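Visitor: Submitted below is the structure of interest, expressed as structure tokens.
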Protein chains: 2
Amino acid sequence: MMGEPWLTPEAAEAFPEADRRALYDAVALRRDVRHFRAGLDVDAATLDRILGAAHRAPSVGHSQPWRFILVRDLARRQRIRASFLRCREVESERFAPARREAYLSLKLEGIVDAPLNVCVVVDLRERGEAVLGTSVQPDTLRGSAYCAVENLWLAARVEGIGVGWVSIVEPAVLRSELALPAGVEPVAYLCVGHPVAFRRTPMLEEAGWSSRLSLGEVVREESWTEAAA
Amino acid sequence: MMGEPWLTPEAAEAFPEADRRALYDAVALRRDVRHFRAGLDVDAATLDRILGAAHRAPSVGHSQPWRFILVRDLARRQRIRASFLRCREVESERFAPARREAYLSLKLEGIVDAPLNVCVVVDLRERGEAVLGTSVQPDTLRGSAYCAVENLWLAARVEGIGVGWVSIVEPAVLRSELALPAGVEPVAYLCVGHPVAFRRTPMLEEAGWSSRLSLGEVVREESWTEAAA
């Protein structure tokens, strides 16, 4: 509203207790989902709300550099999944034999099982004018698109929709399959649909692949110091 | 819990309406804050909840590569702000005269006004074992840290705490001031404190610097297509 740029003073306060809890629940119960219910699409209104949340992410210089490409075509998704299978095979070689076996037993994607894939891309091309805030930290454009991924993911969680991020896929394949022009880069390839369930803990933690760090291990005071061993 | 890796079936459903709305409100009312209330610190329990939310971000291969450095020392913050002032002067030259004047009139940081700065950094150093999921998209490590920034920001919003992201500061200054070792990179330098208020719309939109894109302008079907002019 004109002449009324601020929210009411009350709106500057904390959210009510129940609303604070809802936010923390969404954060705590968000999962990387790889198991989807077959044949159940995400309805259009829900998808609009989820993408709307993504589009409300912070962006450097108000650049809004993200674009969301909705991929449903099965043949295209199968070709993208073929890239996943190739990359997984190569990546598995990075692990020692016992770990390699564990790695190959993990379900790491739902590209074809999910009814919808969303590729979040970032438009890094020159604009008519410089983007405020990017001269010394140009990576913040990508950073803005990553923040949009997290908003999308949290909104999906409260809608009961699962999201799985597939990073084991060749950017060149995404560029080609999605016809990205030079300067438009894939940021996150997401599988989206109704989940079989949300796990209690992250799958890699549950599977014993890795363990969760304590908050004390990731917080430092004033400057970098190596965490106590 | 052992043998109980899934949440109850009900937990796989959408959140109740009021909780969904709380999440969308947090997303919609989050603002980049540059005006802070003087002399009012963020209490320790609130800060722990906010950092805890950041630490629950998604991370590639469960790598949890983020670290949060809490900066309160005034002399350190003044040196960091000096970098901002230098960079702002240089960046302003990227704009045509009228826009340059507008640019210089904008308040773009609250480094010293806020009681607390948080530098989110990412640890990209080699570990004992490869990080699952990073062989073809290593940037997802940085992406994980950016997702943590967004979680931090949303949690702060529901707590009534303001966050402002300063990208106009030299990474080399942050590396030196925070004693970051090689391979640990600054991702986001955040000012954190009680805001004077939360604006109704993003400051750059309110100031007429830029305008918001519609959702239709950022969503594409199946592949990249230039938006209609």
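Residues are referred to by chain and number: the chain letter is A, B, ... according to the order shown in the structure tokens, the number counts from 1 in that chain, and ligands are numbered separately from 1 in the order shown.
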For chain B, work out the contacting residues on chain A at 6 Å, counting only C-alpha atoms, and write them as JSON, numbers by chain.

Guide: {"A": [5, 6, 7, 12, 13, 14, 15, 19, 20, 22, 23, 67, 68, 69, 70, 71, 133, 137, 143, 146, 147, 150, 158, 159, 160, 167, 168, 178, 179, 180, 197, 198, 199, 200, 218, 219, 220, 221, 222, 223, 224]}

Visitor: So that I have them on file, write out the residues from the current selection with C-alpha atoms, as a PDB file, in the first residue's frame.

Guide:
ATOM      1  CA  PRO A   5       5.619   0.306   3.668  1.00  0.00           C
ATOM      2  CA  TRP A   6       5.847  -1.254   7.103  1.00  0.00           C
ATOM      3  CA  LEU A   7       3.804  -4.032   8.548  1.00  0.00           C
ATOM      4  CA  ALA A  12       7.269  -7.313  13.832  1.00  0.00           C
ATOM      5  CA  GLU A  13       6.795  -9.561  16.832  1.00  0.00           C
ATOM      6  CA  ALA A  14       7.464 -13.254  16.958  1.00  0.00           C
ATOM      7  CA  PHE A  15       4.816 -15.534  15.501  1.00  0.00           C
ATOM      8  CA  ASP A  19       2.971 -21.036  14.354  1.00  0.00           C
ATOM      9  CA  ARG A  20       6.591 -21.097  15.483  1.00  0.00           C
ATOM     10  CA  ALA A  22       4.719 -25.380  12.720  1.00  0.00           C
ATOM     11  CA  LEU A  23       7.809 -23.850  11.112  1.00  0.00           C
ATOM     12  CA  ARG A  67      13.411 -20.571 -13.140  1.00  0.00           C
ATOM     13  CA  PHE A  68      11.473 -23.776 -12.508  1.00  0.00           C
ATOM     14  CA  ILE A  69      11.184 -26.278 -15.333  1.00  0.00           C
ATOM     15  CA  LEU A  70       8.437 -28.856 -14.837  1.00  0.00           C
ATOM     16  CA  VAL A  71       9.387 -32.152 -16.443  1.00  0.00           C
ATOM     17  CA  GLY A 133      25.220  -6.945  -4.658  1.00  0.00           C
ATOM     18  CA  GLN A 137      30.185 -12.221  -4.532  1.00  0.00           C
ATOM     19  CA  GLY A 143      22.820 -18.979  -3.705  1.00  0.00           C
ATOM     20  CA  TYR A 146      19.427 -22.681  -3.719  1.00  0.00           C
ATOM     21  CA  CYS A 147      17.336 -20.752  -1.174  1.00  0.00           C
ATOM     22  CA  GLU A 150      14.712 -24.953   0.307  1.00  0.00           C
ATOM     23  CA  VAL A 158       3.592 -29.071   4.839  1.00  0.00           C
ATOM     24  CA  GLU A 159       1.449 -30.065   1.846  1.00  0.00           C
ATOM     25  CA  GLY A 160       2.366 -33.719   2.424  1.00  0.00           C
ATOM     26  CA  SER A 167      22.687 -34.626  -7.629  1.00  0.00           C
ATOM     27  CA  ILE A 168      23.986 -37.768  -9.332  1.00  0.00           C
ATOM     28  CA  LEU A 178      15.993 -29.052 -21.076  1.00  0.00           C
ATOM     29  CA  ALA A 179      17.477 -26.994 -23.925  1.00  0.00           C
ATOM     30  CA  LEU A 180      19.200 -24.573 -21.546  1.00  0.00           C
ATOM     31  CA  ALA A 197       5.963 -42.100   3.909  1.00  0.00           C
ATOM     32  CA  PHE A 198       8.273 -39.577   5.513  1.00  0.00           C
ATOM     33  CA  ARG A 199      11.116 -41.252   7.367  1.00  0.00           C
ATOM     34  CA  ARG A 200      11.745 -40.485  10.988  1.00  0.00           C
ATOM     35  CA  VAL A 218      28.955 -26.678  13.720  1.00  0.00           C
ATOM     36  CA  VAL A 219      28.921 -23.411  15.678  1.00  0.00           C
ATOM     37  CA  ARG A 220      32.081 -21.361  16.290  1.00  0.00           C
ATOM     38  CA  GLU A 221      32.703 -18.138  18.185  1.00  0.00           C
ATOM     39  CA  GLU A 222      34.394 -15.156  16.541  1.00  0.00           C
ATOM     40  CA  SER A 223      36.614 -17.095  14.141  1.00  0.00           C
ATOM     41  CA  TRP A 224      37.389 -20.512  12.717  1.00  0.00           C
TER      42      TRP A 224
END

Visitor: Chain A least-squares fit onto chain B, all C-alpha atoms in order: RMSD in Å?

Guide: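 Computed on C-alpha atoms only, the RMSD stands at 0.1 Å.
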
Visitor: Apply DSSP to the structure's backbone, then extract all residues of range 28-215 of chain B labelled helix (DSSP H, G or I) and return them as a VMD selection string.

Guide: chain B and resid 28 to 29 44 to 55 60 to 62 74 to 92 97 to 105 140 to 158 171 to 177 203 to 206 215

Visitor: As a PyMOL selection string, which residues of range 94-188 of chain B does DSSP assign to strand (DSSP E or B)?

Guide: chain B and resi 116-123+162-166+184-188

Visitor: Please indicate the distance in Å from CA of Arg100 in chain B to CA of Val192 in chain B, rounded to one decimal place.

Guide: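 That distance, rounded to one decimal, is 27.3 Å.
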
Visitor: For Gly193 in chain A, list every protein, DNA or RNA residue within 7 Å, evaluated using only C-alpha atoms, and leave out those in the same chain fewer than 5 positions away; present the list as a CSV table (one decimal) with N, CA and C atoms, in the first residue's frame.

Guide:
chain,number,residue,atom,x,y,z
A,36,PHE,N,7.9,-43.0,-4.0
A,36,PHE,CA,6.7,-42.2,-4.3
A,36,PHE,C,5.5,-43.2,-4.6
A,41,ASP,N,-0.9,-37.9,-8.9
A,41,ASP,CA,-0.2,-36.7,-9.3
A,41,ASP,C,-0.3,-35.6,-8.2
A,42,VAL,N,0.5,-34.6,-8.3
A,42,VAL,CA,0.4,-33.4,-7.4
A,42,VAL,C,-0.7,-32.5,-8.1
A,114,ALA,N,8.3,-40.8,-9.5
A,114,ALA,CA,7.5,-39.6,-9.1
A,114,ALA,C,6.8,-39.1,-10.4
A,115,PRO,N,5.6,-38.5,-10.2
A,115,PRO,CA,4.9,-38.1,-11.4
A,115,PRO,C,5.5,-36.8,-12.0
A,116,LEU,N,6.3,-36.1,-11.2
A,116,LEU,CA,6.8,-34.8,-11.7
A,116,LEU,C,8.3,-34.6,-11.3
A,161,ILE,N,3.7,-33.4,0.4
A,161,ILE,CA,4.3,-33.8,-0.8
A,161,ILE,C,5.8,-34.0,-0.6
A,162,GLY,N,6.3,-35.1,-1.2
A,162,GLY,CA,7.7,-35.4,-1.0
A,162,GLY,C,8.6,-34.8,-2.1
A,163,VAL,N,9.8,-34.5,-1.8
A,163,VAL,CA,10.8,-34.0,-2.7
A,163,VAL,C,12.1,-34.7,-2.5

Visitor: Which is closest to Ala82 in chain A among A:Ala44, A:Ala102, A:Val173, A:Val33, if we use only C-alpha atoms?

Guide: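 Smallest distance to Ala82 in chain A is found for A:Val173.
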
Visitor: I need the residue nearest Gly208 in chain B from this list: B:Ile111, B:Leu47, B:Ala75, B:Leu106. Use only C-alpha atoms for the distance.

Guide: B:Leu106

Visitor: Given the choices A:Glu101, A:Glu93, A:Glu185, A:Glu109, which gets closest to Arg125 in chain A if the distance is worked out from only C-alpha atoms?

Guide: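 Counting only C-alpha atoms, the residue closest to Arg125 in chain A is A:Glu185.
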